[in-house]
file upload_25.pdb (PDB, C-alpha atoms)
ATOM      1  CA  MET P   1       6.429 116.000 -21.647
ATOM      2  CA  THR P   2      10.185 116.449 -21.675
ATOM      3  CA  ALA P   3      11.425 120.045 -21.609
ATOM      4  CA  GLY P   4      13.280 121.029 -24.746
ATOM      5  CA  CYS P   5      12.093 118.070 -26.816
ATOM      6  CA  PRO P   6      10.740 119.336 -30.159
ATOM      7  CA  LEU P   7       8.308 116.409 -30.392
ATOM      8  CA  CYS P   8       6.919 117.206 -26.950
ATOM      9  CA  ASP P   9       6.756 120.943 -27.670
ATOM     10  CA  GLY P  10       5.004 120.680 -31.060
ATOM     11  CA  ASP P  11       3.499 118.388 -33.661
ATOM     12  CA  GLY P  12       6.783 118.115 -35.579
ATOM     13  CA  GLY P  13       5.284 118.749 -39.015
ATOM     14  CA  ALA P  14       2.009 119.132 -40.874
ATOM     15  CA  LEU P  15      -0.530 117.190 -38.843
ATOM     16  CA  VAL P  16      -2.346 114.455 -40.780
ATOM     17  CA  TRP P  17      -4.058 112.851 -37.804
ATOM     18  CA  ARG P  18      -3.747 112.923 -34.029
ATOM     19  CA  GLY P  19      -4.976 110.160 -31.796
ATOM     20  CA  ALA P  20      -4.801 109.503 -28.084
ATOM     21  CA  ARG P  21      -1.404 107.816 -28.212
ATOM     22  CA  LEU P  22       0.185 108.733 -31.531
ATOM     23  CA  ARG P  23       0.011 111.143 -34.427
ATOM     24  CA  VAL P  24       0.988 111.172 -38.100
ATOM     25  CA  ILE P  25       2.672 114.193 -39.597
ATOM     26  CA  ARG P  26       3.943 115.035 -43.056
ATOM     27  CA  ALA P  27       7.575 116.067 -42.876
ATOM     28  CA  ASP P  28       9.081 118.838 -44.952
ATOM     29  CA  GLU P  29      12.184 117.146 -46.345
ATOM     30  CA  ALA P  30      13.547 118.530 -49.599
ATOM     31  CA  GLY P  31      13.292 116.031 -52.434
ATOM     32  CA  PHE P  32      10.947 113.646 -50.641
ATOM     33  CA  PRO P  33       7.367 114.873 -50.917
ATOM     34  CA  ALA P  34       5.894 111.667 -49.490
ATOM     35  CA  PHE P  35       7.847 111.630 -46.234
ATOM     36  CA  TYR P  36       5.658 110.970 -43.187
ATOM     37  CA  ARG P  37       6.370 110.382 -39.540
ATOM     38  CA  VAL P  38       4.434 108.375 -36.985
ATOM     39  CA  VAL P  39       5.169 110.083 -33.671
ATOM     40  CA  TRP P  40       4.379 108.437 -30.339
ATOM     41  CA  ASN P  41       2.750 111.179 -28.276
ATOM     42  CA  ALA P  42       4.414 110.312 -24.966
ATOM     43  CA  HIS P  43       8.132 110.908 -24.635
ATOM     44  CA  ALA P  44       9.821 107.499 -24.984
ATOM     45  CA  PRO P  45      13.212 107.104 -26.663
ATOM     46  CA  GLU P  46      13.105 103.468 -27.805
ATOM     47  CA  LEU P  47      10.525 101.084 -29.277
ATOM     48  CA  SER P  48      11.248  98.704 -26.403
ATOM     49  CA  ASP P  49      10.170 101.398 -23.921
ATOM     50  CA  LEU P  50       6.589 100.718 -25.069
ATOM     51  CA  SER P  51       4.424  97.855 -23.829
ATOM     52  CA  ALA P  52       3.634  95.034 -26.235
ATOM     53  CA  ALA P  53       0.148  96.468 -26.864
ATOM     54  CA  GLU P  54       1.558  99.942 -27.447
ATOM     55  CA  ARG P  55       4.148  98.591 -29.884
ATOM     56  CA  ILE P  56       1.416  96.875 -31.877
ATOM     57  CA  GLU P  57      -0.633 100.067 -31.985
ATOM     58  CA  CYS P  58       2.418 102.068 -33.071
ATOM     59  CA  LEU P  59       3.460  99.611 -35.790
ATOM     60  CA  ASP P  60      -0.121  99.243 -36.985
ATOM     61  CA  ALA P  61      -0.066 102.987 -37.643
ATOM     62  CA  VAL P  62       3.264 102.659 -39.464
ATOM     63  CA  VAL P  63       1.725  99.931 -41.624
ATOM     64  CA  ALA P  64      -1.362 102.066 -42.274
ATOM     65  CA  VAL P  65       0.856 104.868 -43.573
ATOM     66  CA  GLU P  66       2.884 102.393 -45.615
ATOM     67  CA  GLU P  67      -0.241 100.920 -47.172
ATOM     68  CA  ALA P  68      -1.605 104.366 -48.003
ATOM     69  CA  LEU P  69       1.659 105.297 -49.726
ATOM     70  CA  ARG P  70       1.670 102.039 -51.678
ATOM     71  CA  ALA P  71      -1.963 102.318 -52.740
ATOM     72  CA  HIS P  72      -1.904 105.964 -53.801
ATOM     73  CA  LEU P  73       1.642 106.428 -55.081
ATOM     74  CA  ARG P  74       2.926 103.027 -56.243
ATOM     75  CA  PRO P  75       6.468 103.783 -55.046
ATOM     76  CA  ALA P  76       9.479 101.635 -55.897
ATOM     77  CA  LYS P  77      10.018 100.982 -52.183
ATOM     78  CA  ILE P  78       8.909 102.021 -48.736
ATOM     79  CA  ASN P  79      11.619 102.996 -46.266
ATOM     80  CA  LEU P  80      10.946 102.697 -42.536
ATOM     81  CA  ALA P  81      13.252 103.922 -39.807
ATOM     82  CA  ALA P  82      13.261 104.839 -36.127
ATOM     83  CA  LEU P  83      16.597 106.503 -35.416
ATOM     84  CA  GLY P  84      16.223 109.349 -32.927
ATOM     85  CA  ASN P  85      19.891 110.097 -32.363
ATOM     86  CA  VAL P  86      19.188 113.836 -32.424
ATOM     87  CA  VAL P  87      15.595 113.782 -31.133
ATOM     88  CA  PRO P  88      15.273 110.725 -28.851
ATOM     89  CA  HIS P  89      11.466 110.732 -28.836
ATOM     90  CA  LEU P  90      10.062 107.719 -30.675
ATOM     91  CA  HIS P  91       9.159 108.622 -34.247
ATOM     92  CA  TRP P  92       9.018 106.429 -37.321
ATOM     93  CA  HIS P  93      10.047 107.756 -40.689
ATOM     94  CA  VAL P  94       7.785 106.287 -43.390
ATOM     95  CA  ILE P  95       9.053 107.356 -46.791
ATOM     96  CA  ALA P  96       7.868 106.544 -50.313
ATOM     97  CA  ARG P  97      10.918 106.106 -52.512
ATOM     98  CA  PHE P  98      10.998 106.292 -56.302
ATOM     99  CA  GLY P  99      13.612 105.250 -58.838
ATOM    100  CA  TRP P 100      13.787 108.855 -60.021
ATOM    101  CA  ASP P 101      14.232 110.460 -56.596
ATOM    102  CA  SER P 102      17.465 112.293 -55.874
ATOM    103  CA  HIS P 103      18.941 109.553 -53.673
ATOM    104  CA  PHE P 104      17.494 106.230 -54.866
ATOM    105  CA  PRO P 105      18.589 103.517 -54.178
ATOM    106  CA  SER P 106      20.650 105.077 -51.395
ATOM    107  CA  PRO P 107      19.031 105.963 -48.074
ATOM    108  CA  VAL P 108      17.654 109.506 -47.867
ATOM    109  CA  TRP P 109      20.429 110.316 -45.369
ATOM    110  CA  ALA P 110      23.229 109.385 -47.788
ATOM    111  CA  ALA P 111      24.698 111.418 -50.640
ATOM    112  CA  ALA P 112      22.442 112.383 -53.553
ATOM    113  CA  GLN P 113      22.709 110.279 -56.697
ATOM    114  CA  ARG P 114      21.182 112.731 -59.186
ATOM    115  CA  PRO P 115      19.434 116.128 -59.387
ATOM    116  CA  ARG P 116      15.886 116.486 -58.131
ATOM    117  CA  ASP P 117      12.992 116.359 -60.615
ATOM    118  CA  ALA P 118      10.548 119.119 -59.664
ATOM    119  CA  ALA P 119       7.816 117.927 -62.036
ATOM    120  CA  LEU P 120       7.794 114.376 -60.721
ATOM    121  CA  GLU P 121       7.903 115.608 -57.136
ATOM    122  CA  GLU P 122       4.916 117.844 -57.858
ATOM    123  CA  ALA P 123       2.996 114.927 -59.373
ATOM    124  CA  VAL P 124       3.470 113.050 -56.104
ATOM    125  CA  ARG P 125       2.507 116.078 -54.049
ATOM    126  CA  ALA P 126      -0.745 116.455 -55.988
ATOM    127  CA  ARG P 127      -1.916 113.052 -54.739
ATOM    128  CA  LEU P 128      -1.250 113.675 -51.062
ATOM    129  CA  PRO P 129      -4.501 115.437 -50.046
ATOM    130  CA  GLU P 130      -6.612 112.429 -51.029
ATOM    131  CA  LEU P 131      -4.068 110.010 -49.561
ATOM    132  CA  GLU P 132      -4.064 111.855 -46.255
ATOM    133  CA  GLN P 133      -7.851 112.064 -46.107
ATOM    134  CA  VAL P 134      -8.205 108.303 -46.571
ATOM    135  CA  LEU P 135      -5.352 107.614 -44.158
ATOM    136  CA  ALA P 136      -6.751 109.842 -41.411
ATOM    137  CA  ALA P 137     -10.129 108.120 -41.690
ATOM    138  CA  ARG P 138      -8.490 104.707 -41.413
ATOM    139  CA  LEU P 139      -6.419 105.698 -38.385
ATOM    140  CA  ALA P 140      -9.462 107.159 -36.643
ATOM    141  CA  ALA P 141     -11.451 103.985 -37.310
ATOM    142  CA  ALA P 142      -8.611 101.800 -36.025
ATOM    143  CA  GLU P 143      -8.347 103.817 -32.832
ATOM    144  CA  ALA P 144     -12.090 103.665 -32.278
ATOM    145  CA  ALA P 145     -12.135  99.902 -32.843
ATOM    146  CA  GLY P 146      -9.043  99.275 -30.710
ATOM    147  CA  GLY P 147     -10.104 101.382 -27.768
ATOM    148  CA  ASP P 148     -12.485  98.738 -26.493
ATOM    149  CA  ASN P 149     -10.081  95.862 -26.091
ATOM    150  CA  ARG P 150      -6.636  97.368 -25.969
ATOM    151  CA  VAL P 151      -4.638  97.158 -22.772
ATOM    152  CA  SER P 152      -3.060 100.555 -22.179
TER
ATOM    153  CA  MET I   1      12.917  81.796 -52.925
ATOM    154  CA  THR I   2      13.578  84.537 -55.456
ATOM    155  CA  ALA I   3      16.422  83.896 -57.882
ATOM    156  CA  GLY I   4      19.314  86.306 -57.507
ATOM    157  CA  CYS I   5      18.206  87.620 -54.113
ATOM    158  CA  PRO I   6      21.163  87.517 -51.708
ATOM    159  CA  LEU I   7      18.863  87.018 -48.717
ATOM    160  CA  CYS I   8      17.215  84.043 -50.409
ATOM    161  CA  ASP I   9      20.553  82.605 -51.516
ATOM    162  CA  GLY I  10      22.330  82.879 -48.157
ATOM    163  CA  ASP I  11      22.056  83.907 -44.510
ATOM    164  CA  GLY I  12      23.304  87.421 -45.230
ATOM    165  CA  GLY I  13      25.819  87.527 -42.385
ATOM    166  CA  ALA I  14      27.042  85.667 -39.322
ATOM    167  CA  LEU I  15      24.062  83.641 -38.160
ATOM    168  CA  VAL I  16      23.019  84.304 -34.552
ATOM    169  CA  TRP I  17      19.783  82.328 -34.644
ATOM    170  CA  ARG I  18      17.506  80.841 -37.280
ATOM    171  CA  GLY I  19      13.862  80.085 -36.691
ATOM    172  CA  ALA I  20      11.037  78.852 -38.884
ATOM    173  CA  ARG I  21      10.077  82.291 -40.160
ATOM    174  CA  LEU I  22      12.987  84.616 -39.443
ATOM    175  CA  ARG I  23      16.646  84.742 -38.575
ATOM    176  CA  VAL I  24      19.049  87.119 -36.858
ATOM    177  CA  ILE I  25      22.463  87.773 -38.311
ATOM    178  CA  ARG I  26      25.384  89.950 -37.295
ATOM    179  CA  ALA I  27      26.345  92.234 -40.165
ATOM    180  CA  ASP I  28      29.920  93.121 -41.032
ATOM    181  CA  GLU I  29      29.710  96.917 -41.330
ATOM    182  CA  ALA I  30      32.924  98.828 -40.734
ATOM    183  CA  GLY I  31      32.737 101.027 -37.651
ATOM    184  CA  PHE I  32      29.574  99.435 -36.242
ATOM    185  CA  PRO I  33      30.438  96.240 -34.377
ATOM    186  CA  ALA I  34      26.931  95.850 -32.909
ATOM    187  CA  PHE I  35      25.013  95.923 -36.190
ATOM    188  CA  TYR I  36      22.441  93.144 -36.463
ATOM    189  CA  ARG I  37      19.745  92.299 -38.956
ATOM    190  CA  VAL I  38      16.438  90.524 -38.472
ATOM    191  CA  VAL I  39      15.747  88.850 -41.813
ATOM    192  CA  TRP I  40      12.321  87.460 -42.689
ATOM    193  CA  ASN I  41      13.048  84.060 -44.229
ATOM    194  CA  ALA I  42      10.431  84.241 -46.994
ATOM    195  CA  HIS I  43      10.958  86.719 -49.798
ATOM    196  CA  ALA I  44       8.668  89.688 -49.092
ATOM    197  CA  PRO I  45       9.663  93.257 -49.960
ATOM    198  CA  GLU I  46       7.557  95.285 -47.525
ATOM    199  CA  LEU I  47       6.423  94.997 -43.910
ATOM    200  CA  SER I  48       2.833  95.318 -45.109
ATOM    201  CA  ASP I  49       3.276  92.176 -47.222
ATOM    202  CA  LEU I  50       3.203  90.201 -43.963
ATOM    203  CA  SER I  51       0.040  89.222 -42.099
ATOM    204  CA  ALA I  52      -0.702  90.930 -38.799
ATOM    205  CA  ALA I  53       0.534  87.879 -36.873
ATOM    206  CA  GLU I  54       3.706  87.710 -38.954
ATOM    207  CA  ARG I  55       4.382  91.410 -38.401
ATOM    208  CA  ILE I  56       4.074  90.944 -34.658
ATOM    209  CA  GLU I  57       6.473  87.989 -34.749
ATOM    210  CA  CYS I  58       8.934  89.980 -36.862
ATOM    211  CA  LEU I  59       8.809  93.082 -34.675
ATOM    212  CA  ASP I  60       8.996  91.011 -31.496
ATOM    213  CA  ALA I  61      12.325  89.716 -32.813
ATOM    214  CA  VAL I  62      13.465  93.265 -33.580
ATOM    215  CA  VAL I  63      12.577  94.240 -30.017
ATOM    216  CA  ALA I  64      14.401  91.187 -28.639
ATOM    217  CA  VAL I  65      17.564  92.273 -30.460
ATOM    218  CA  GLU I  66      17.074  95.853 -29.314
ATOM    219  CA  GLU I  67      16.656  94.786 -25.695
ATOM    220  CA  ALA I  68      19.755  92.582 -25.870
ATOM    221  CA  LEU I  69      21.798  95.476 -27.242
ATOM    222  CA  ARG I  70      20.504  97.805 -24.546
ATOM    223  CA  ALA I  71      21.095  95.332 -21.719
ATOM    224  CA  HIS I  72      24.594  94.260 -22.730
ATOM    225  CA  LEU I  73      26.028  97.391 -24.335
ATOM    226  CA  ARG I  74      24.212 100.415 -22.848
ATOM    227  CA  PRO I  75      24.317 102.279 -26.174
ATOM    228  CA  ALA I  76      23.432 105.944 -26.558
ATOM    229  CA  LYS I  77      20.628 104.981 -28.951
ATOM    230  CA  ILE I  78      19.194 102.101 -30.924
ATOM    231  CA  ASN I  79      18.636 102.668 -34.633
ATOM    232  CA  LEU I  80      15.995 100.596 -36.451
ATOM    233  CA  ALA I  81      15.417 100.615 -40.188
ATOM    234  CA  ALA I  82      13.840  98.553 -42.952
ATOM    235  CA  LEU I  83      14.935 100.092 -46.235
ATOM    236  CA  GLY I  84      15.560  97.413 -48.874
ATOM    237  CA  ASN I  85      16.064  99.694 -51.854
ATOM    238  CA  VAL I  86      18.945  97.529 -53.062
ATOM    239  CA  VAL I  87      17.827  94.175 -51.613
ATOM    240  CA  PRO I  88      14.007  94.251 -51.505
ATOM    241  CA  HIS I  89      13.699  91.292 -49.118
ATOM    242  CA  LEU I  90      12.404  92.349 -45.713
ATOM    243  CA  HIS I  91      15.274  92.852 -43.286
ATOM    244  CA  TRP I  92      15.489  95.090 -40.249
ATOM    245  CA  HIS I  93      18.705  96.829 -39.343
ATOM    246  CA  VAL I  94      19.090  96.941 -35.547
ATOM    247  CA  ILE I  95      22.141  98.986 -34.658
ATOM    248  CA  ALA I  96      23.629 100.010 -31.323
ATOM    249  CA  ARG I  97      24.898 103.570 -31.627
ATOM    250  CA  PHE I  98      27.419 105.259 -29.354
ATOM    251  CA  GLY I  99      28.380 108.880 -28.908
ATOM    252  CA  TRP I 100      31.937 107.985 -29.878
ATOM    253  CA  ASP I 101      31.079 106.063 -33.059
ATOM    254  CA  SER I 102      32.310 107.446 -36.377
ATOM    255  CA  HIS I 103      28.911 108.803 -37.455
ATOM    256  CA  PHE I 104      26.968 109.704 -34.293
ATOM    257  CA  PRO I 105      24.503 111.424 -34.194
ATOM    258  CA  SER I 106      24.142 111.073 -37.965
ATOM    259  CA  PRO I 107      22.629 107.927 -39.461
ATOM    260  CA  VAL I 108      25.149 105.206 -40.326
ATOM    261  CA  TRP I 109      24.426 105.880 -44.026
ATOM    262  CA  ALA I 110      25.425 109.563 -43.812
ATOM    263  CA  ALA I 111      28.896 111.083 -43.835
ATOM    264  CA  ALA I 112      31.285 110.229 -41.016
ATOM    265  CA  GLN I 113      31.661 112.788 -38.223
ATOM    266  CA  ARG I 114      35.016 111.627 -36.803
ATOM    267  CA  PRO I 115      37.636 108.868 -37.092
ATOM    268  CA  ARG I 116      36.841 105.395 -35.838
ATOM    269  CA  ASP I 117      38.068 104.326 -32.395
ATOM    270  CA  ALA I 118      39.442 100.788 -32.708
ATOM    271  CA  ALA I 119      39.797 100.259 -28.955
ATOM    272  CA  LEU I 120      36.203 101.219 -28.174
ATOM    273  CA  GLU I 121      34.923  99.131 -31.085
ATOM    274  CA  GLU I 122      36.879  96.157 -29.757
ATOM    275  CA  ALA I 123      35.431  96.632 -26.282
ATOM    276  CA  VAL I 124      31.949  96.350 -27.806
ATOM    277  CA  ARG I 125      32.949  93.340 -29.877
ATOM    278  CA  ALA I 126      34.199  91.538 -26.779
ATOM    279  CA  ARG I 127      30.697  91.552 -25.306
ATOM    280  CA  LEU I 128      28.930  90.137 -28.346
ATOM    281  CA  PRO I 129      29.405  86.387 -27.761
ATOM    282  CA  GLU I 130      27.528  86.509 -24.448
ATOM    283  CA  LEU I 131      24.922  88.890 -25.880
ATOM    284  CA  GLU I 132      24.286  86.584 -28.819
ATOM    285  CA  GLN I 133      24.055  83.489 -26.641
ATOM    286  CA  VAL I 134      21.407  85.077 -24.426
ATOM    287  CA  LEU I 135      19.574  86.508 -27.424
ATOM    288  CA  ALA I 136      19.477  83.208 -29.307
ATOM    289  CA  ALA I 137      18.058  81.454 -26.246
ATOM    290  CA  ARG I 138      15.358  84.111 -25.902
ATOM    291  CA  LEU I 139      14.402  83.922 -29.577
ATOM    292  CA  ALA I 140      14.211  80.126 -29.436
ATOM    293  CA  ALA I 141      12.013  80.277 -26.338
ATOM    294  CA  ALA I 142       9.729  82.851 -27.945
ATOM    295  CA  GLU I 143       9.322  80.738 -31.065
ATOM    296  CA  ALA I 144       8.576  77.648 -28.978
ATOM    297  CA  ALA I 145       5.994  79.531 -26.917
ATOM    298  CA  GLY I 146       4.409  81.243 -29.914
ATOM    299  CA  GLY I 147       4.172  78.185 -32.069
ATOM    300  CA  ASP I 148       1.145  76.899 -30.226
ATOM    301  CA  ASN I 149      -1.187  79.832 -30.731
ATOM    302  CA  ARG I 150       0.207  81.775 -33.634
ATOM    303  CA  VAL I 151      -1.806  81.968 -36.823
ATOM    304  CA  SER I 152       0.578  81.443 -39.714
TER
END

call {"tool": "encode", "arguments": {"input": "upload_25.pdb", "output": "structure tokens"}}
result
Amino acid sequence: MTAGCPLCDGDGGALVWRGARLRVIRADEAGFPAFYRVVWNAHAPELSDLSAAERIECLDAVVAVEEALRAHLRPAKINLAALGNVVPHLHWHVIARFGWDSHFPSPVWAAAQRPRDAALEEAVRARLPELEQVLAARLAAAEAAGGDNRVS
Amino acid sequence: MTAGCPLCDGDGGALVWRGARLRVIRADEAGFPAFYRVVWNAHAPELSDLSAAERIECLDAVVAVEEALRAHLRPAKINLAALGNVVPHLHWHVIARFGWDSHFPSPVWAAAQRPRDAALEEAVRARLPELEQVLAARLAAAEAAGGDNRVS
């Protein structure tokens, strides 16, 4: 726990699943309904602050989110990023991008390319409850399976 | 090889090291002298298109670059990203960020926060030859060690 860190003080978004070492939250970022974050529970700024086993566990969760987004939403592209310049507590942005979204093909942090499409955003949002249910079950199963042989 | 893909047709930047499955290049991005990319040699759009063993090899290289940047440059933060909206061939941006850089703490894709500082950029650039030499040796050693037991 690091005092004043928003990812130590709270979940950081709508909780999809929480495990012993990491959690997945849905972010609330305007224009990007399928914007998730994999947050490492302990306060560590950089990926290389984790052990090799911890990095694998963290990236396996990133891949699980990515695969859920691909399977349920068929996006044009997945965007992954660990930046942390403002909140230096390891968190991975996992974002489903669509050709119609306000910024595509630019990064979500760049200037918008076109107006938002509320109907298409809502169509994505309607699929998230099932996506998150399947994803949470997968993450729980992976943690249960990995707990036996993972070096912590 | 995918026709018309710039990361199939060429290295994509100044080659630091090339291995059997991935390479590291130094990008030429104005304002960010320590901007590297880990490029998967085969054409695959998403991280989840790789096998588990391939993902570990790819992320181990990302971490090797990150650790080299941290050790040689003491940046304020490392930024990692795999976007690929324009070039959907898996490549990881690994960027050393500094409090004085033109965009900090914003992402490099966002609007600039201040003018560039040519002298500080040059001081970073002066350290890159040694950094890259050490990094290339580490990547070569890792590939040699991993070749024996890695499932391809």

call {"tool": "interface_residues", "arguments": {"input": "upload_25.pdb", "of": "chain P", "to": "chain I", "cutoff": "6 Å", "atoms": "all atoms listed in the file", "output": "PyMOL selection string"}}
result
chain P and resi 48+63+79-83+85+105+109-110

call {"tool": "calpha_fit_and_write", "arguments": {"input": "upload_25.pdb", "fixed": "chain P", "moving": "chain I", "output": "CSV table (one decimal) with C-alpha atoms, keeping the file's coordinate frame"}}
result
chain,number,residue,atom,x,y,z
I,1,MET,CA,6.4,116.0,-21.6
I,2,THR,CA,10.2,116.4,-21.7
I,3,ALA,CA,11.4,120.0,-21.6
I,4,GLY,CA,13.3,121.0,-24.8
I,5,CYS,CA,12.1,118.1,-26.8
I,6,PRO,CA,10.7,119.3,-30.2
I,7,LEU,CA,8.3,116.4,-30.4
I,8,CYS,CA,6.9,117.2,-26.9
I,9,ASP,CA,6.8,120.9,-27.7
I,10,GLY,CA,5.0,120.7,-31.0
I,11,ASP,CA,3.5,118.4,-33.7
I,12,GLY,CA,6.8,118.1,-35.6
I,13,GLY,CA,5.3,118.7,-39.0
I,14,ALA,CA,2.0,119.1,-40.9
I,15,LEU,CA,-0.5,117.2,-38.8
I,16,VAL,CA,-2.3,114.5,-40.8
I,17,TRP,CA,-4.1,112.9,-37.8
I,18,ARG,CA,-3.8,112.9,-34.0
I,19,GLY,CA,-5.0,110.2,-31.8
I,20,ALA,CA,-4.8,109.5,-28.1
I,21,ARG,CA,-1.4,107.8,-28.2
I,22,LEU,CA,0.2,108.7,-31.5
I,23,ARG,CA,0.0,111.1,-34.4
I,24,VAL,CA,1.0,111.2,-38.1
I,25,ILE,CA,2.7,114.2,-39.6
I,26,ARG,CA,3.9,115.0,-43.1
I,27,ALA,CA,7.6,116.1,-42.9
I,28,ASP,CA,9.1,118.9,-45.0
I,29,GLU,CA,12.2,117.2,-46.3
I,30,ALA,CA,13.6,118.5,-49.6
I,31,GLY,CA,13.3,116.0,-52.4
I,32,PHE,CA,11.0,113.6,-50.6
I,33,PRO,CA,7.4,114.9,-50.9
I,34,ALA,CA,5.9,111.7,-49.5
I,35,PHE,CA,7.8,111.6,-46.2
I,36,TYR,CA,5.7,111.0,-43.2
I,37,ARG,CA,6.4,110.4,-39.5
I,38,VAL,CA,4.4,108.4,-37.0
I,39,VAL,CA,5.2,110.1,-33.7
I,40,TRP,CA,4.4,108.4,-30.3
I,41,ASN,CA,2.8,111.2,-28.3
I,42,ALA,CA,4.4,110.3,-25.0
I,43,HIS,CA,8.1,110.9,-24.6
I,44,ALA,CA,9.8,107.5,-25.0
I,45,PRO,CA,13.2,107.1,-26.7
I,46,GLU,CA,13.1,103.5,-27.8
I,47,LEU,CA,10.5,101.1,-29.3
I,48,SER,CA,11.3,98.7,-26.4
I,49,ASP,CA,10.2,101.4,-23.9
I,50,LEU,CA,6.6,100.7,-25.1
I,51,SER,CA,4.4,97.8,-23.8
I,52,ALA,CA,3.6,95.0,-26.2
I,53,ALA,CA,0.2,96.5,-26.9
I,54,GLU,CA,1.6,99.9,-27.4
I,55,ARG,CA,4.1,98.6,-29.9
I,56,ILE,CA,1.4,96.9,-31.9
I,57,GLU,CA,-0.6,100.1,-32.0
I,58,CYS,CA,2.4,102.1,-33.1
I,59,LEU,CA,3.5,99.6,-35.8
I,60,ASP,CA,-0.1,99.2,-37.0
I,61,ALA,CA,-0.1,103.0,-37.6
I,62,VAL,CA,3.3,102.7,-39.5
I,63,VAL,CA,1.7,99.9,-41.6
I,64,ALA,CA,-1.4,102.1,-42.3
I,65,VAL,CA,0.9,104.9,-43.6
I,66,GLU,CA,2.9,102.4,-45.6
I,67,GLU,CA,-0.2,100.9,-47.2
I,68,ALA,CA,-1.6,104.4,-48.0
I,69,LEU,CA,1.7,105.3,-49.7
I,70,ARG,CA,1.7,102.0,-51.7
I,71,ALA,CA,-2.0,102.3,-52.7
I,72,HIS,CA,-1.9,106.0,-53.8
I,73,LEU,CA,1.6,106.4,-55.1
I,74,ARG,CA,2.9,103.0,-56.3
I,75,PRO,CA,6.5,103.8,-55.0
I,76,ALA,CA,9.5,101.6,-55.9
I,77,LYS,CA,10.0,101.0,-52.2
I,78,ILE,CA,8.9,102.0,-48.7
I,79,ASN,CA,11.6,103.0,-46.3
I,80,LEU,CA,10.9,102.7,-42.5
I,81,ALA,CA,13.3,103.9,-39.8
I,82,ALA,CA,13.3,104.8,-36.1
I,83,LEU,CA,16.6,106.5,-35.4
I,84,GLY,CA,16.2,109.4,-32.9
I,85,ASN,CA,19.9,110.1,-32.4
I,86,VAL,CA,19.2,113.8,-32.4
I,87,VAL,CA,15.6,113.8,-31.1
I,88,PRO,CA,15.3,110.7,-28.8
I,89,HIS,CA,11.5,110.7,-28.8
I,90,LEU,CA,10.1,107.7,-30.7
I,91,HIS,CA,9.2,108.6,-34.2
I,92,TRP,CA,9.0,106.4,-37.3
I,93,HIS,CA,10.0,107.8,-40.7
I,94,VAL,CA,7.8,106.3,-43.4
I,95,ILE,CA,9.0,107.4,-46.8
I,96,ALA,CA,7.9,106.6,-50.3
I,97,ARG,CA,10.9,106.1,-52.5
I,98,PHE,CA,11.0,106.3,-56.3
I,99,GLY,CA,13.6,105.3,-58.8
I,100,TRP,CA,13.8,108.9,-60.0
I,101,ASP,CA,14.2,110.5,-56.6
I,102,SER,CA,17.5,112.3,-55.9
I,103,HIS,CA,18.9,109.6,-53.7
I,104,PHE,CA,17.5,106.2,-54.9
I,105,PRO,CA,18.6,103.5,-54.2
I,106,SER,CA,20.7,105.1,-51.4
I,107,PRO,CA,19.0,106.0,-48.1
I,108,VAL,CA,17.7,109.5,-47.9
I,109,TRP,CA,20.4,110.3,-45.4
I,110,ALA,CA,23.2,109.4,-47.8
I,111,ALA,CA,24.7,111.4,-50.6
I,112,ALA,CA,22.5,112.4,-53.5
I,113,GLN,CA,22.7,110.3,-56.7
I,114,ARG,CA,21.2,112.8,-59.2
I,115,PRO,CA,19.4,116.1,-59.4
I,116,ARG,CA,15.9,116.5,-58.1
I,117,ASP,CA,13.0,116.4,-60.6
I,118,ALA,CA,10.6,119.1,-59.7
I,119,ALA,CA,7.8,117.9,-62.0
I,120,LEU,CA,7.8,114.4,-60.7
I,121,GLU,CA,7.9,115.6,-57.1
I,122,GLU,CA,4.9,117.8,-57.9
I,123,ALA,CA,3.0,114.9,-59.4
I,124,VAL,CA,3.5,113.0,-56.1
I,125,ARG,CA,2.5,116.1,-54.0
I,126,ALA,CA,-0.7,116.4,-56.0
I,127,ARG,CA,-1.9,113.1,-54.7
I,128,LEU,CA,-1.3,113.7,-51.1
I,129,PRO,CA,-4.5,115.4,-50.0
I,130,GLU,CA,-6.6,112.4,-51.0
I,131,LEU,CA,-4.1,110.0,-49.6
I,132,GLU,CA,-4.1,111.8,-46.3
I,133,GLN,CA,-7.9,112.1,-46.1
I,134,VAL,CA,-8.2,108.3,-46.6
I,135,LEU,CA,-5.4,107.6,-44.2
I,136,ALA,CA,-6.8,109.8,-41.4
I,137,ALA,CA,-10.1,108.1,-41.7
I,138,ARG,CA,-8.5,104.7,-41.4
I,139,LEU,CA,-6.4,105.7,-38.4
I,140,ALA,CA,-9.5,107.1,-36.6
I,141,ALA,CA,-11.5,104.0,-37.3
I,142,ALA,CA,-8.6,101.8,-36.0
I,143,GLU,CA,-8.3,103.8,-32.8
I,144,ALA,CA,-12.1,103.7,-32.3
I,145,ALA,CA,-12.1,99.9,-32.8
I,146,GLY,CA,-9.1,99.3,-30.7
I,147,GLY,CA,-10.1,101.4,-27.8
I,148,ASP,CA,-12.5,98.8,-26.5
I,149,ASN,CA,-10.1,95.9,-26.1
I,150,ARG,CA,-6.6,97.4,-26.0
I,151,VAL,CA,-4.6,97.2,-22.8
I,152,SER,CA,-3.1,100.6,-22.2

call {"tool": "resolve_selection", "arguments": {"input": "upload_25.pdb", "expression": "the PyMOL selection byres ((chain P and resi 14) around 7)", "output": "list in words"}}
result
Gly13, Leu15, Val16, Ile25, Arg26 and Ala27 of chain P

call {"tool": "resolve_selection", "arguments": {"input": "upload_25.pdb", "expression": "the PyMOL selection byres ((chain P and resi 125) around 12)", "output": "VMD selection string"}}
result
chain P and resid 26 28 31 to 35 69 72 to 73 96 118 to 124 126 to 132

call {"tool": "atom_distance", "arguments": {"input": "upload_25.pdb", "atom1": "atom CA of Pro6 of chain P", "atom2": "atom CA of Ala20 of chain P"}}
result
18.5 Å
